[in-house]
Each structure stands twice: as structure tokens, then as C-alpha cells.
file input26.cif (mmCIF, C-alpha atoms)
data_start
#
loop_
_atom_site.label_atom_id
_atom_site.label_comp_id
_atom_site.auth_asym_id
_atom_site.auth_seq_id
_atom_site.Cartn_x
_atom_site.Cartn_y
_atom_site.Cartn_z
CA MET A 1 253.86 53.09 16.90
CA ILE A 2 257.14 51.67 15.60
CA GLU A 3 257.04 48.59 13.39
CA LEU A 4 259.76 45.98 13.81
CA LYS A 5 260.34 42.88 11.70
CA SER A 6 262.70 40.04 12.57
CA PRO A 7 265.68 39.76 12.19
CA PHE A 8 266.48 42.93 14.14
CA SER A 9 269.46 45.17 13.34
CA GLU A 10 271.59 46.65 16.10
CA GLU A 11 270.96 50.12 14.71
CA GLU A 12 267.15 49.93 14.86
CA ILE A 13 267.35 48.47 18.35
CA ARG A 14 269.64 51.26 19.58
CA ASN A 15 267.16 53.81 18.20
CA LEU A 16 264.34 52.58 20.46
CA LYS A 17 263.52 54.55 23.58
CA ALA A 18 261.87 53.48 26.83
CA GLY A 19 258.16 54.24 26.48
CA ASP A 20 258.02 53.56 22.73
CA ILE A 21 255.21 51.28 21.64
CA VAL A 22 256.36 48.72 19.08
CA LYS A 23 254.51 46.34 16.80
CA ILE A 24 256.52 43.22 16.04
CA SER A 25 255.99 40.83 13.15
CA GLY A 26 258.08 37.84 12.17
CA VAL A 27 259.89 35.16 14.11
CA LEU A 28 260.54 35.01 17.85
CA TYR A 29 261.87 32.19 20.01
CA THR A 30 260.32 31.18 23.32
CA ALA A 31 262.56 30.32 26.25
CA ARG A 32 262.18 30.52 30.01
CA ASP A 33 263.96 29.19 33.10
CA ALA A 34 264.91 25.63 32.14
CA ALA A 35 265.69 26.44 28.49
CA HIS A 36 267.96 29.32 29.53
CA LYS A 37 269.85 27.00 31.82
CA ARG A 38 270.43 24.57 28.95
CA LEU A 39 271.37 27.30 26.47
CA CYS A 40 273.97 28.70 28.85
CA GLU A 41 275.30 25.23 29.62
CA SER A 42 275.72 24.64 25.87
CA ILE A 43 277.55 27.94 25.52
CA ARG A 44 279.85 27.01 28.41
CA LEU A 45 280.63 23.68 26.76
CA LYS A 46 281.12 25.43 23.39
CA GLU A 47 278.34 23.34 21.82
CA GLU A 48 276.24 24.57 18.95
CA LEU A 49 273.00 26.24 20.05
CA PRO A 50 269.64 24.92 18.78
CA PHE A 51 269.07 28.26 17.05
CA ASP A 52 271.27 31.21 16.17
CA VAL A 53 270.43 34.01 18.62
CA GLU A 54 272.18 36.67 16.49
CA ALA A 55 269.66 39.43 15.60
CA GLN A 56 266.76 37.50 17.17
CA GLY A 57 264.24 38.07 19.94
CA ILE A 58 263.43 35.76 22.85
CA TYR A 59 259.98 35.76 24.44
CA TYR A 60 259.91 34.57 28.05
CA VAL A 61 256.82 32.39 27.91
CA GLY A 62 255.64 28.89 28.71
CA PRO A 63 252.36 28.60 26.81
CA SER A 64 249.42 26.49 27.94
CA PRO A 65 248.75 23.43 25.70
CA THR A 66 247.41 24.13 22.21
CA LYS A 67 243.77 23.22 21.71
CA PRO A 68 242.82 21.54 18.42
CA GLY A 69 242.28 24.20 15.77
CA GLU A 70 244.42 26.83 17.52
CA PHE A 71 248.03 27.90 16.85
CA ILE A 72 248.99 28.06 20.52
CA GLY A 73 247.42 28.17 23.99
CA ALA A 74 247.41 31.18 26.30
CA ALA A 75 250.81 32.80 25.91
CA GLY A 76 251.52 35.76 28.18
CA PRO A 77 254.95 36.74 29.52
CA THR A 78 256.59 35.24 32.58
CA THR A 79 258.58 37.27 35.13
CA SER A 80 261.97 38.14 33.66
CA TYR A 81 264.31 38.49 36.66
CA ARG A 82 264.67 34.72 36.89
CA MET A 83 266.52 34.80 33.55
CA ASP A 84 268.89 37.60 34.65
CA ASP A 85 271.80 35.35 35.62
CA LEU A 86 271.46 33.46 32.33
CA THR A 87 271.21 36.42 29.96
CA ILE A 88 274.68 37.90 29.36
CA PRO A 89 275.97 34.91 27.34
CA LEU A 90 273.03 35.38 24.96
CA LEU A 91 273.57 39.14 24.66
CA GLU A 92 277.22 38.39 23.82
CA ARG A 93 275.96 36.31 20.91
CA GLY A 94 273.86 39.13 19.49
CA LEU A 95 270.43 38.64 21.05
CA ARG A 96 268.60 41.90 20.28
CA ILE A 97 265.22 41.66 22.00
CA MET A 98 263.99 40.16 25.25
CA ILE A 99 260.25 40.13 25.96
CA GLY A 100 258.85 39.53 29.43
CA LYS A 101 257.47 41.39 32.39
CA GLY A 102 258.96 42.80 35.58
CA LYS A 103 262.33 44.09 36.68
CA ARG A 104 265.82 43.33 35.30
CA SER A 105 269.16 43.34 37.09
CA ASP A 106 271.77 46.09 36.74
CA GLU A 107 274.07 43.52 35.14
CA VAL A 108 271.53 42.78 32.38
CA ILE A 109 270.80 46.48 31.84
CA SER A 110 274.47 47.31 31.38
CA GLY A 111 274.84 44.26 29.11
CA MET A 112 272.01 45.62 26.96
CA ASN A 113 273.97 48.84 26.57
CA ARG A 114 277.22 47.06 25.77
CA TYR A 115 275.84 44.60 23.22
CA GLY A 116 272.84 46.53 21.86
CA ALA A 117 269.62 44.92 23.07
CA VAL A 118 266.27 46.11 24.42
CA TYR A 119 263.86 44.78 26.98
CA LEU A 120 260.21 44.89 25.95
CA VAL A 121 257.25 44.18 28.18
CA ALA A 122 254.00 42.45 27.38
CA ILE A 123 250.96 42.51 29.65
CA GLY A 124 251.26 39.82 32.29
CA GLY A 125 248.09 37.81 32.67
CA ALA A 126 246.78 38.71 29.22
CA GLY A 127 247.65 35.25 27.88
CA ALA A 128 244.49 34.79 25.84
CA TYR A 129 244.73 38.28 24.31
CA ILE A 130 248.39 37.88 23.35
CA SER A 131 247.80 34.44 21.80
CA ASN A 132 245.77 36.21 19.09
CA SER A 133 248.98 37.74 17.71
CA ILE A 134 250.75 34.37 17.42
CA LYS A 135 250.23 32.71 14.03
CA SER A 136 252.35 29.58 14.29
CA SER A 137 254.39 27.64 16.80
CA GLU A 138 256.81 24.75 16.46
CA ILE A 139 259.16 23.18 18.95
CA VAL A 140 262.81 23.54 17.91
CA ALA A 141 264.60 22.20 20.99
CA TYR A 142 264.29 20.56 24.43
CA GLU A 143 260.94 18.94 23.74
CA ASP A 144 261.29 17.03 27.02
CA LEU A 145 260.83 20.31 28.87
CA GLY A 146 257.17 20.46 27.81
CA THR A 147 255.90 24.02 28.19
CA GLU A 148 259.51 25.14 28.73
CA ALA A 149 260.73 23.79 25.38
CA ILE A 150 262.13 26.31 22.89
CA ARG A 151 259.52 27.17 20.29
CA ARG A 152 259.89 29.11 17.09
CA ILE A 153 256.79 31.28 16.87
CA GLU A 154 255.59 33.59 14.16
CA VAL A 155 253.90 36.72 15.41
CA GLU A 156 251.84 39.33 13.61
CA ASN A 157 251.45 42.84 14.98
CA MET A 158 252.37 41.89 18.52
CA ILE A 159 252.11 45.12 20.49
CA LEU A 160 254.73 45.66 23.17
CA THR A 161 256.22 48.49 25.21
CA VAL A 162 259.93 49.32 25.32
CA CYS A 163 260.59 49.11 29.06
CA ILE A 164 264.38 49.41 29.17
CA ASP A 165 266.36 50.81 26.24
CA THR A 166 270.04 50.49 25.34
CA LYS A 167 270.88 53.68 27.25
CA GLY A 168 269.48 52.24 30.46
CA ASN A 169 266.31 54.36 30.52
CA ASN A 170 263.79 52.33 32.51
CA LEU A 171 260.01 52.80 32.51
CA TYR A 172 259.76 51.20 35.96
CA GLU A 173 261.93 54.01 37.35
CA ARG A 174 259.92 56.97 36.21
CA MET B 1 224.95 8.93 57.61
CA ARG B 2 225.01 10.75 54.28
CA GLU B 3 227.16 9.14 51.61
CA ILE B 4 228.68 10.55 48.45
CA ASP B 5 230.72 8.79 45.81
CA SER B 6 234.33 9.87 45.33
CA ARG B 7 233.66 10.04 41.58
CA LEU B 8 231.36 13.01 42.22
CA ILE B 9 234.27 14.79 43.93
CA GLU B 10 236.55 13.97 40.98
CA GLU B 11 234.12 15.31 38.41
CA THR B 12 233.35 18.41 40.48
CA VAL B 13 237.03 19.23 40.94
CA ARG B 14 237.74 18.63 37.26
CA ASP B 15 235.03 21.10 36.25
CA MET B 16 236.09 23.67 38.86
CA CYS B 17 239.70 23.68 37.60
CA ILE B 18 238.67 24.24 34.00
CA ASP B 19 235.98 26.80 34.76
CA ALA B 20 238.15 28.88 37.11
CA CYS B 21 241.09 29.05 34.67
CA ILE B 22 238.94 30.10 31.71
CA ASN B 23 236.13 32.25 33.11
CA LEU B 24 237.20 35.27 35.10
CA ASP B 25 235.38 35.56 38.40
CA ASP B 26 232.61 38.18 38.31
CA SER B 27 233.93 40.03 41.35
CA VAL B 28 237.34 40.42 39.65
CA LEU B 29 235.79 41.64 36.41
CA LYS B 30 233.63 44.16 38.27
CA SER B 31 236.64 45.36 40.19
CA LEU B 32 238.67 45.86 36.98
CA GLU B 33 235.78 47.89 35.55
CA TYR B 34 235.37 49.93 38.73
CA ASN B 35 239.08 50.69 38.88
CA LYS B 36 239.10 51.66 35.23
CA SER B 37 236.41 54.24 35.98
CA ARG B 38 238.49 55.83 38.75
CA GLU B 39 241.93 55.53 37.09
CA GLU B 40 243.53 58.73 35.77
CA ASN B 41 246.58 57.35 34.00
CA ASP B 42 246.02 56.63 30.28
CA VAL B 43 248.52 53.77 30.11
CA ALA B 44 246.82 52.20 33.12
CA ILE B 45 243.35 52.59 31.60
CA ASN B 46 244.56 50.93 28.40
CA ILE B 47 245.99 47.98 30.34
CA LEU B 48 242.76 47.54 32.34
CA ASP B 49 240.84 47.60 29.05
CA ILE B 50 243.07 44.87 27.65
CA LEU B 51 242.60 42.75 30.79
CA ILE B 52 238.83 43.04 30.39
CA GLU B 53 239.15 42.12 26.69
CA ASN B 54 241.43 39.23 27.68
CA ALA B 55 238.62 37.83 29.85
CA GLU B 56 236.21 37.99 26.89
CA ILE B 57 238.65 36.27 24.54
CA ALA B 58 239.37 33.51 27.07
CA LYS B 59 235.68 32.89 27.57
CA ASN B 60 234.81 32.94 23.85
CA LYS B 61 237.69 30.68 22.81
CA SER B 62 237.53 28.55 25.95
CA ILE B 63 241.24 28.99 26.60
CA PRO B 64 242.95 29.93 29.87
CA LEU B 65 243.03 33.60 30.89
CA CYS B 66 246.71 33.18 31.66
CA GLN B 67 249.15 30.48 30.60
CA ASP B 68 250.21 30.03 34.21
CA THR B 69 247.28 28.00 35.40
CA GLY B 70 249.06 27.66 38.69
CA MET B 71 249.36 25.08 41.38
CA ALA B 72 245.97 23.76 42.42
CA VAL B 73 245.21 24.88 45.97
CA PHE B 74 242.16 23.71 47.93
CA PHE B 75 240.44 24.57 51.17
CA VAL B 76 238.06 21.76 52.01
CA LYS B 77 235.48 21.62 54.78
CA VAL B 78 234.40 18.06 55.54
CA GLY B 79 231.24 17.58 57.57
CA GLN B 80 232.01 14.89 60.14
CA ASP B 81 228.70 13.13 59.44
CA LEU B 82 229.57 12.60 55.78
CA HIS B 83 230.90 9.32 54.43
CA ILE B 84 232.83 9.21 51.16
CA LYS B 85 232.54 5.96 49.19
CA GLY B 86 235.28 4.78 46.84
CA LYS B 87 238.63 6.60 46.86
CA ASN B 88 239.78 8.66 49.81
CA ILE B 89 239.08 12.35 49.48
CA SER B 90 242.68 13.43 48.75
CA SER B 91 243.00 10.87 45.95
CA ALA B 92 239.67 12.01 44.51
CA ILE B 93 240.71 15.67 44.52
CA ASN B 94 244.05 14.86 42.89
CA GLU B 95 242.30 12.74 40.28
CA GLY B 96 240.01 15.71 39.55
CA VAL B 97 243.03 17.99 39.14
CA ARG B 98 244.69 15.46 36.83
CA LYS B 99 241.58 15.29 34.64
CA GLY B 100 240.92 19.03 34.71
CA TYR B 101 244.44 20.06 33.76
CA THR B 102 244.74 17.39 31.08
CA GLU B 103 241.29 17.52 29.49
CA GLY B 104 241.00 21.30 29.87
CA TYR B 105 244.31 22.08 28.08
CA LEU B 106 245.62 23.77 31.21
CA ARG B 107 249.36 24.08 31.78
CA LYS B 108 251.05 21.45 33.86
CA SER B 109 253.47 23.50 35.96
CA VAL B 110 254.35 21.23 38.88
CA VAL B 111 257.91 19.87 39.16
CA SER B 112 260.03 18.11 41.77
CA PRO B 113 261.77 20.92 43.64
CA ILE B 114 265.43 20.06 43.14
CA ASP B 115 265.81 18.08 39.93
CA ARG B 116 262.84 19.92 38.34
CA ILE B 117 261.11 16.90 36.77
CA ASN B 118 257.52 17.73 35.78
CA THR B 119 254.91 15.47 37.36
CA GLY B 120 253.01 15.68 34.06
CA ASP B 121 249.50 16.31 35.38
CA ASN B 122 249.78 19.28 37.75
CA THR B 123 249.44 17.06 40.82
CA PRO B 124 249.93 16.96 43.71
CA ALA B 125 247.42 19.59 44.74
CA ILE B 126 247.90 21.58 47.93
CA ILE B 127 244.92 20.67 50.14
CA HIS B 128 243.95 22.23 53.47
CA TYR B 129 241.25 20.40 55.44
CA ASP B 130 238.88 21.53 58.11
CA ILE B 131 236.55 19.08 59.87
CA VAL B 132 233.21 20.73 60.59
CA ASP B 133 229.72 19.87 61.86
CA GLY B 134 227.10 18.49 59.49
CA ASP B 135 227.17 16.22 56.44
CA CYS B 136 228.24 18.56 53.63
CA LEU B 137 231.47 18.84 51.70
CA GLU B 138 232.61 22.35 50.76
CA ILE B 139 235.41 22.59 48.22
CA GLU B 140 237.17 25.87 47.44
CA PHE B 141 239.72 25.86 44.64
CA ALA B 142 242.24 28.40 43.43
CA ALA B 143 244.72 28.19 40.58
CA LYS B 144 247.69 29.93 42.17
CA GLY B 145 250.19 31.41 39.74
CA PHE B 146 253.80 31.73 40.78
CA GLY B 147 254.76 35.14 39.39
CA SER B 148 252.86 36.52 42.36
CA GLU B 149 253.59 33.65 44.75
CA ASN B 150 257.32 34.39 44.32
CA MET B 151 256.80 37.95 45.57
CA SER B 152 255.20 36.80 48.84
CA LYS B 153 256.94 37.17 52.19
CA LEU B 154 256.99 36.01 55.80
CA LYS B 155 258.31 38.12 58.65
CA MET B 156 258.46 37.28 62.31
CA LEU B 157 257.81 40.71 63.81
CA LYS B 158 258.38 41.53 67.47
CA PRO B 159 255.22 42.10 69.55
CA SER B 160 256.50 45.67 70.12
CA ASP B 161 256.44 46.29 66.34
CA GLY B 162 252.65 46.24 66.64
CA ILE B 163 250.19 47.48 64.09
CA GLU B 164 252.60 50.03 62.60
CA GLY B 165 255.16 47.28 61.99
CA ILE B 166 252.50 45.20 60.26
CA LYS B 167 251.47 48.08 57.98
CA GLN B 168 255.07 48.85 57.08
CA PHE B 169 255.82 45.22 56.24
CA ILE B 170 252.78 44.98 53.95
CA LEU B 171 253.74 48.20 52.15
CA ASP B 172 257.42 47.24 51.84
CA THR B 173 256.50 43.84 50.37
CA VAL B 174 254.18 45.35 47.74
CA LYS B 175 256.69 48.09 46.89
CA GLU B 176 259.57 45.65 46.46
CA ALA B 177 257.43 43.38 44.30
CA GLY B 178 256.71 46.33 42.00
CA PRO B 179 255.76 45.13 38.50
CA ASN B 180 256.73 41.47 39.06
CA PRO B 181 253.49 39.93 40.40
CA CYS B 182 251.30 41.33 37.56
CA PRO B 183 249.53 44.22 39.27
CA PRO B 184 246.75 45.04 39.89
CA ILE B 185 247.21 42.48 42.64
CA VAL B 186 245.19 41.00 45.45
CA VAL B 187 247.06 41.13 48.74
CA GLY B 188 246.39 38.31 51.20
CA VAL B 189 247.69 38.94 54.69
CA GLY B 190 247.94 36.52 57.59
CA ILE B 191 248.60 37.93 61.05
CA GLY B 192 249.35 35.68 64.04
CA GLY B 193 249.44 31.92 64.63
CA THR B 194 252.68 30.08 63.89
CA VAL B 195 254.79 30.16 60.70
CA ASP B 196 252.60 27.49 59.11
CA LYS B 197 249.23 28.79 60.35
CA CYS B 198 250.08 32.35 59.34
CA SER B 199 250.87 31.23 55.78
CA VAL B 200 247.67 29.20 55.52
CA ILE B 201 245.43 32.09 56.66
CA ALA B 202 247.19 34.47 54.27
CA LYS B 203 246.40 32.03 51.46
CA LYS B 204 242.83 31.67 52.74
CA ALA B 205 242.49 35.45 52.59
CA LEU B 206 243.20 35.30 48.84
CA PHE B 207 240.20 33.00 48.37
CA ARG B 208 237.84 35.69 49.60
CA GLU B 209 235.69 37.38 47.00
CA ILE B 210 236.91 40.85 46.03
CA GLY B 211 234.87 43.53 47.78
CA LYS B 212 234.08 41.38 50.84
CA HIS B 213 235.73 42.46 54.07
CA ASN B 214 236.79 40.71 57.25
CA SER B 215 233.84 40.47 59.64
CA GLU B 216 235.73 42.23 62.45
CA ASP B 217 235.50 45.99 62.20
CA ASP B 218 239.09 46.81 63.14
CA ILE B 219 240.44 44.35 60.57
CA LYS B 220 238.01 45.62 57.95
CA ASN B 221 239.28 49.14 58.59
CA LEU B 222 242.87 47.96 58.30
CA GLU B 223 242.01 46.37 54.92
CA ILE B 224 240.51 49.63 53.69
CA GLU B 225 243.44 51.70 54.95
CA MET B 226 246.06 49.40 53.42
CA LEU B 227 244.27 49.30 50.06
CA GLU B 228 244.35 53.10 49.95
CA LYS B 229 248.00 53.24 50.96
CA ILE B 230 249.00 50.59 48.38
CA ASN B 231 247.10 52.38 45.65
CA SER B 232 248.93 55.61 46.52
CA LEU B 233 252.30 53.98 45.77
CA GLY B 234 251.92 54.76 42.07
CA ILE B 235 252.98 51.29 40.89
CA GLY B 236 249.82 50.86 38.80
CA PRO B 237 248.78 48.09 36.40
CA GLN B 238 251.86 46.13 35.28
CA GLY B 239 254.05 48.57 37.21
CA LEU B 240 253.73 51.20 34.49
CA GLY B 241 252.10 53.82 36.72
CA GLY B 242 248.62 54.69 37.93
CA ASN B 243 246.58 54.33 41.08
CA THR B 244 245.34 50.78 40.45
CA THR B 245 248.03 48.72 42.16
CA ALA B 246 245.75 46.45 44.16
CA LEU B 247 242.14 45.37 43.75
CA ALA B 248 241.81 44.27 47.36
CA VAL B 249 243.66 43.71 50.62
CA ASN B 250 242.22 40.73 52.50
CA ILE B 251 243.43 40.09 56.03
CA GLU B 252 242.89 37.09 58.31
CA THR B 253 244.08 36.83 61.89
CA PHE B 254 244.71 34.06 64.43
CA PRO B 255 245.85 34.16 68.06
CA THR B 256 249.60 33.89 68.48
CA HIS B 257 252.31 33.40 71.14
CA ILE B 258 253.27 36.09 73.70
CA ALA B 259 256.75 36.22 72.14
CA GLY B 260 255.74 36.63 68.53
CA LEU B 261 253.89 38.47 65.79
CA PRO B 262 254.14 36.48 62.54
CA VAL B 263 252.95 38.21 59.38
CA VAL B 264 252.66 36.66 55.92
CA VAL B 265 251.94 38.70 52.82
CA ASN B 266 250.76 36.36 50.06
CA ILE B 267 250.28 38.13 46.75
CA ASN B 268 247.94 37.11 43.95
CA CYS B 269 247.86 38.54 40.43
CA HIS B 270 244.79 40.19 38.89
CA SER B 271 243.97 36.82 37.34
CA SER B 272 242.51 35.73 40.67
CA ARG B 273 241.00 32.39 39.78
CA HIS B 274 238.89 30.69 42.40
CA LYS B 275 235.67 28.69 42.73
CA LYS B 276 233.61 27.36 45.59
CA ILE B 277 231.17 24.46 45.56
CA VAL B 278 229.18 22.69 48.24
CA LEU B 279 228.24 19.05 47.75
#
call {"tool": "encode", "arguments": {"input": "input26.cif", "output": "C-alpha cells"}}
result
Amino acid sequence: MIELKSPFSEEEIRNLKAGDIVKISGVLYTARDAAHKRLCESIRLKEELPFDVEAQGIYYVGPSPTKPGEFIGAAGPTTSYRMDDLTIPLLERGLRIMIGKGKRSDEVISGMNRYGAVYLVAIGGAGAYISNSIKSSEIVAYEDLGTEAIRRIEVENMILTVCIDTKGNNLYER
Amino acid sequence: MREIDSRLIEETVRDMCIDACINLDDSVLKSLEYNKSREENDVAINILDILIENAEIAKNKSIPLCQDTGMAVFFVKVGQDLHIKGKNISSAINEGVRKGYTEGYLRKSVVSPIDRINTGDNTPAIIHYDIVDGDCLEIEFAAKGFGSENMSKLKMLKPSDGIEGIKQFILDTVKEAGPNPCPPIVVGVGIGGTVDKCSVIAKKALFREIGKHNSEDDIKNLEIEMLEKINSLGIGPQGLGGNTTALAVNIETFPTHIAGLPVVVNINCHSSRHKKIVL
């Protein structure tokens, strides 16, 4: 098992291979459909982004509401292809890790090669299990989007599988 | 005439929503365990183990199994000799959904379709009614997640496509969906009717308990055959390989027009959350 800590260097990301199991600790940002749309709109308008994506990881998740005494609700991955058309601008700005589930487009896969990023998968539907590896959560942008707001989360030993590496090797196409 | 108060419906629906989203249905849990025992792929076995552990964690912490607690879908049978006092039945069900999703810390995932404004309480629910004999009220609820809903398909086959065309369409739909709908999946199939009826019976098929077959022998055999074929595709849990791609294939049929053969494949994820209650 390979341990990764945020922020992520391009070199360590390019060393990962499809099929590797990684254990991530540190900071990740949550963003899904609506947040990606806003991020890309901000990039188009040359506005400052609510967080610097350089060397960071984005987790495609819209958690369920946090119960009193918990850090977060259920927090499993959402299906990634819906973010495909809104991904290249983030890779251009140095995004290193995307975490979700399901297929990615050829455009995203070649972008990962060009800019140095990997696609990791978490187990879809294991929202309660995954929430155990999340130790804090705070909204950093787009609070009006509710579950789709961007959250800064701290994770500890979050276990994920490298699904598509920077060379385009893809676990779904074994 | 028997009377029930609409507040009873509200409270029942509230409890059903919370219970279904937190406590994995026994038939699903048993099916995960059974498939684990027959699975040969180590990655797949590990994923099935985690899904079983996920169900324990959700139950112990009283949190949802999956963050996508879905759109609330209901099949309701109303006995025509029953009178409901207070609110009308649709308002009572929606009020129950509102309470369940708010008080149960379930995710509110319902938005207006074009401008994407969240309704804030997971209403409106999707409700299908059937008027039946007697004075009972049967409410079936499912929390339908959209990762799998998005991978569902409708095809208007030609009558000459026949049974082979139906089988091919089911297989093609599951294959194209691949890892996206969170396999192991439950495959609901509607055959016949009109576009609308076909979709409704495909959805109804997903409400059936895993392991129960259609009462007609030829349809039961088709379910068994398609489950085997789907599990030979090699997609496996989460699309990472193995022979556990589907937990069940449930098929419902309805008479159709001489010119048509509608088929709907409605996919559900392994987190198949449903409850049934009779009042």
C-alpha cells in the first residue's frame, strides 16, 4: 500500500500505476456537478478560485447532512463522468488527484497524461464506511449549493484504488 | 367505512424513509453474503466484505448506507372502501418524506430540472397509485439513487425482435453501464405496455425482494437466464472484475400493441433500499 499526503507532487503522482492501492491522509476538497460548473465559469471569467487547486485532490461527493457529534454524514463517491466536460480547466491548474467512481472520457484521460494527474476510485455505496476516514469538514465555497458546496475535508488513511494512471492504464479495461 | 387519519400516513412514511436509508434490507444483505461465498476474484470479495461492513456501520451509527438517499418513490395500493381523514393522501405522503429526510439527516437531492434549485426537503415524491378492493392501504417505498437511474434505458423494439432482441438489449444496457451504477446491481426490466407503463413496471420490478421470482414460469426462467448471462460479463463489484455483477434480474410484463415491443431496463445499485407497510 502506498501512502500519500496532501499536497501531492507531480512526481509521486506520475509514479502511481493503475491497480495500486493508496492510503491518503491530509486535505481534500469536495466538489461535484454544480460546484464544477461554477469553478469552470470562474476560470472562464478569470476570477480567483475559492481554493488553489495546484497540487490538491478533489473528491466527487455530496455528503448526507452531518448528525450532531459526527464529522460528516455518509460520504461515498458519485459517478465521475458527469464532471468530464468540466475537468480539463482544473487539470491545467495543477489538480493532481480526482476521486470518484465509474468511467472517464478519453479527453480527461489524455489530460491526466498531459498535466500529471491520477483518477482514484472509492467504493460506491459505501458511504457510511468511507465517512469513518473523514476527520473534519468545513464549507469553503458555494454554501447555497447545500450538499454540492465545496468542502475542505481532512482525511486519515482513506483507502483508494488507482483506476487510471498518468500513462492511461485503466483498471476498467483489463 | 374504515377511516384512518392522514397523520398516521405521515408518521409511517417518515419512519419508512429513515429506516430504509439506514438499515440494509435483509434480502440484500443475504444476497451479498451468498455472492461473496461464490465469488472467485479477491478484489471482488474484498469489496463485498466492505459493503457488508458498511451496512453494520450505518446501522450502528444510524447514518445512511449511502449519501445518495435518492428520490422517494412510492407504489401505493388504496382499498376503495377506505376513507382518509385530514390531508389528502399525496399531501400526507409528501409531508412524511419532508419529515423523514429532514429529521433523519438524509440528503435532500431534488432540484428543479432546468435551473437546478433544490426544493430543500426532497419532495415531491414520485407516487404511483393503484385502487384495489378492500379497506387497507399498502405503501411501498424506495429511495432511488441516481447513479444507477442514469444508466437506465428505454428501447422501442420491433415485434420481430422478439425475445432475443429483449435479451440483447438488457445485456447491452448492463455492459454499457459498466462500473457507473455501483455494481453489484439489481436489474429491473419492464416488457410491454406503452412508454409510460413500461417504465412504471420496470420500476415496480426493482421493489421486489431479492430472490423472489416472477410468478409466471417463462418469465422466471428468463430472469434466471439473464442473471447468469449478466454475471458472466466479468464486470464485477464496482466494475473491478468478478462474477458478481448483479444480485437479481426482476422482470414484469404487460400486454402491448400489435405494432410494438417496449422494453425498459431500470437499474438499481446494491444499496437497494425499500420498505413495505400495510395500514
call {"tool": "closest_atom_pairs", "arguments": {"input": "input26.cif", "of": "chain A", "to": "chain B", "cutoff": "7 Å", "atoms": "all atoms listed in the file", "output": "Markdown table"}}
result
| residue | atom | partner | partner_atom | distance |
| --- | --- | --- | --- | --- |
| A:Gly62 | CA | B:Gln67 | CA | 6.9 |
| A:Pro63 | CA | B:Gln67 | CA | 5.3 |
| A:Ser64 | CA | B:Arg107 | CA | 4.5 |
| A:Pro65 | CA | B:Tyr105 | CA | 5.2 |
| A:Thr66 | CA | B:Tyr105 | CA | 6.9 |
| A:Lys67 | CA | B:Tyr105 | CA | 6.5 |
| A:Gly73 | CA | B:Ile63 | CA | 6.8 |
| A:Ala74 | CA | B:Gln67 | CA | 4.7 |
| A:Ala75 | CA | B:Gln67 | CA | 5.5 |
| A:Gly76 | CA | B:Gln67 | CA | 6.3 |
| A:Thr79 | CA | B:Asn180 | CA | 6.0 |
| A:Lys101 | CA | B:Asn180 | CA | 6.7 |
| A:Gly102 | CA | B:Asn180 | CA | 4.3 |
| A:Lys103 | CA | B:Asn180 | CA | 6.6 |
| A:Ile123 | CA | B:Gln238 | CA | 6.8 |
| A:Gly124 | CA | B:Cys182 | CA | 5.5 |
| A:Gly125 | CA | B:Cys66 | CA | 4.9 |
| A:Ala126 | CA | B:Asn54 | CA | 5.6 |
| A:Gly127 | CA | B:Cys66 | CA | 4.4 |
| A:Ala128 | CA | B:Leu65 | CA | 5.4 |
| A:Tyr129 | CA | B:Asn54 | CA | 4.8 |
| A:Leu171 | CA | B:Leu240 | CA | 6.8 |
| A:Tyr172 | CA | B:Leu240 | CA | 6.2 |
call {"tool": "resolve_selection", "arguments": {"input": "input26.cif", "expression": "the PyMOL selection byres ((chain B and resi 79) around 10)", "output": "PyMOL selection string"}}
result
chain B and resi 2+76-78+80-83+130-138
call {"tool": "closest_atom_pairs", "arguments": {"input": "input26.cif", "of": "region 95-127 of chain A", "to": "region 149-159 of chain A", "cutoff": "12 Å", "atoms": "all atoms listed in the file", "output": "CSV"}}
result
residue,atom,partner,partner_atom,distance
A:Ile99,CA,A:Met158,CA,11.0
A:Leu120,CA,A:Ile159,CA,9.8
A:Val121,CA,A:Ile159,CA,9.3
A:Ala122,CA,A:Ile159,CA,7.6
A:Ile123,CA,A:Ile159,CA,9.6
call {"tool": "resolve_selection", "arguments": {"input": "input26.cif", "expression": "the PyMOL selection byres ((chain B and resi 45) around 10)", "output": "list in words"}}
result
Leu32, Glu33, Asn35, Lys36, Ser37, Arg38, Glu39, Glu40, Asn41, Asp42, Val43, Ala44, Asn46, Ile47, Leu48, Asp49, Ile50, Leu51, Gly236, Pro237, Gly242 and Thr244 of chain B
call {"tool": "residues_around", "arguments": {"input": "input26.cif", "residues": "Glu252 (chain B)", "least_positions_apart": "2", "cutoff": "7 Å", "atoms": "all atoms listed in the file", "output": "list in words"}}
result
Val189, Gly190, Ile191, Ile201, Ala202, Ala205 and Asn250 of chain B
call {"tool": "residues_around", "arguments": {"input": "input26.cif", "residues": "Ser152 (chain B)", "least_positions_apart": "5", "cutoff": "8 Å", "atoms": "only C-alpha atoms", "output": "list of chain:residue names"}}
result
B:Thr173, B:Val264, B:Val265, B:Asn266, B:Ile267
call {"tool": "residues_around", "arguments": {"input": "input26.cif", "residues": "Ile88 (chain A)", "least_positions_apart": "2", "cutoff": "7 Å", "atoms": "only C-alpha atoms", "output": "PDB file with C-alpha atoms, in the frame of the given file"}}
result
ATOM      1  CA  LEU A  86     271.460  33.460  32.330  1.00  0.00           C
ATOM      2  CA  LEU A  90     273.030  35.380  24.960  1.00  0.00           C
ATOM      3  CA  LEU A  91     273.570  39.140  24.660  1.00  0.00           C
ATOM      4  CA  GLU A  92     277.220  38.390  23.820  1.00  0.00           C
ATOM      5  CA  VAL A 108     271.530  42.780  32.380  1.00  0.00           C
ATOM      6  CA  GLY A 111     274.840  44.260  29.110  1.00  0.00           C
TER       7      GLY A 111
END
call {"tool": "atom_distance", "arguments": {"input": "input26.cif", "atom1": "CA of Ile139 (chain B)", "atom2": "CA of Ile93 (chain B)"}}
result
9.5 Å
call {"tool": "atom_distance", "arguments": {"input": "input26.cif", "atom1": "CA of Ser80 (chain A)", "atom2": "CA of Glu149 (chain B)"}}
result
14.6 Å
call {"tool": "closest_residue", "arguments": {"input": "input26.cif", "among": "B:Val13, B:Ile230, B:Val73, B:Met156", "to": "Glu95 (chain B)", "atoms": "only C-alpha atoms"}}
result
B:Val13
call {"tool": "atom_distance", "arguments": {"input": "input26.cif", "atom1": "CA of Asn113 (chain A)", "atom2": "CA of Lys167 (chain A)"}}
result
5.8 Å
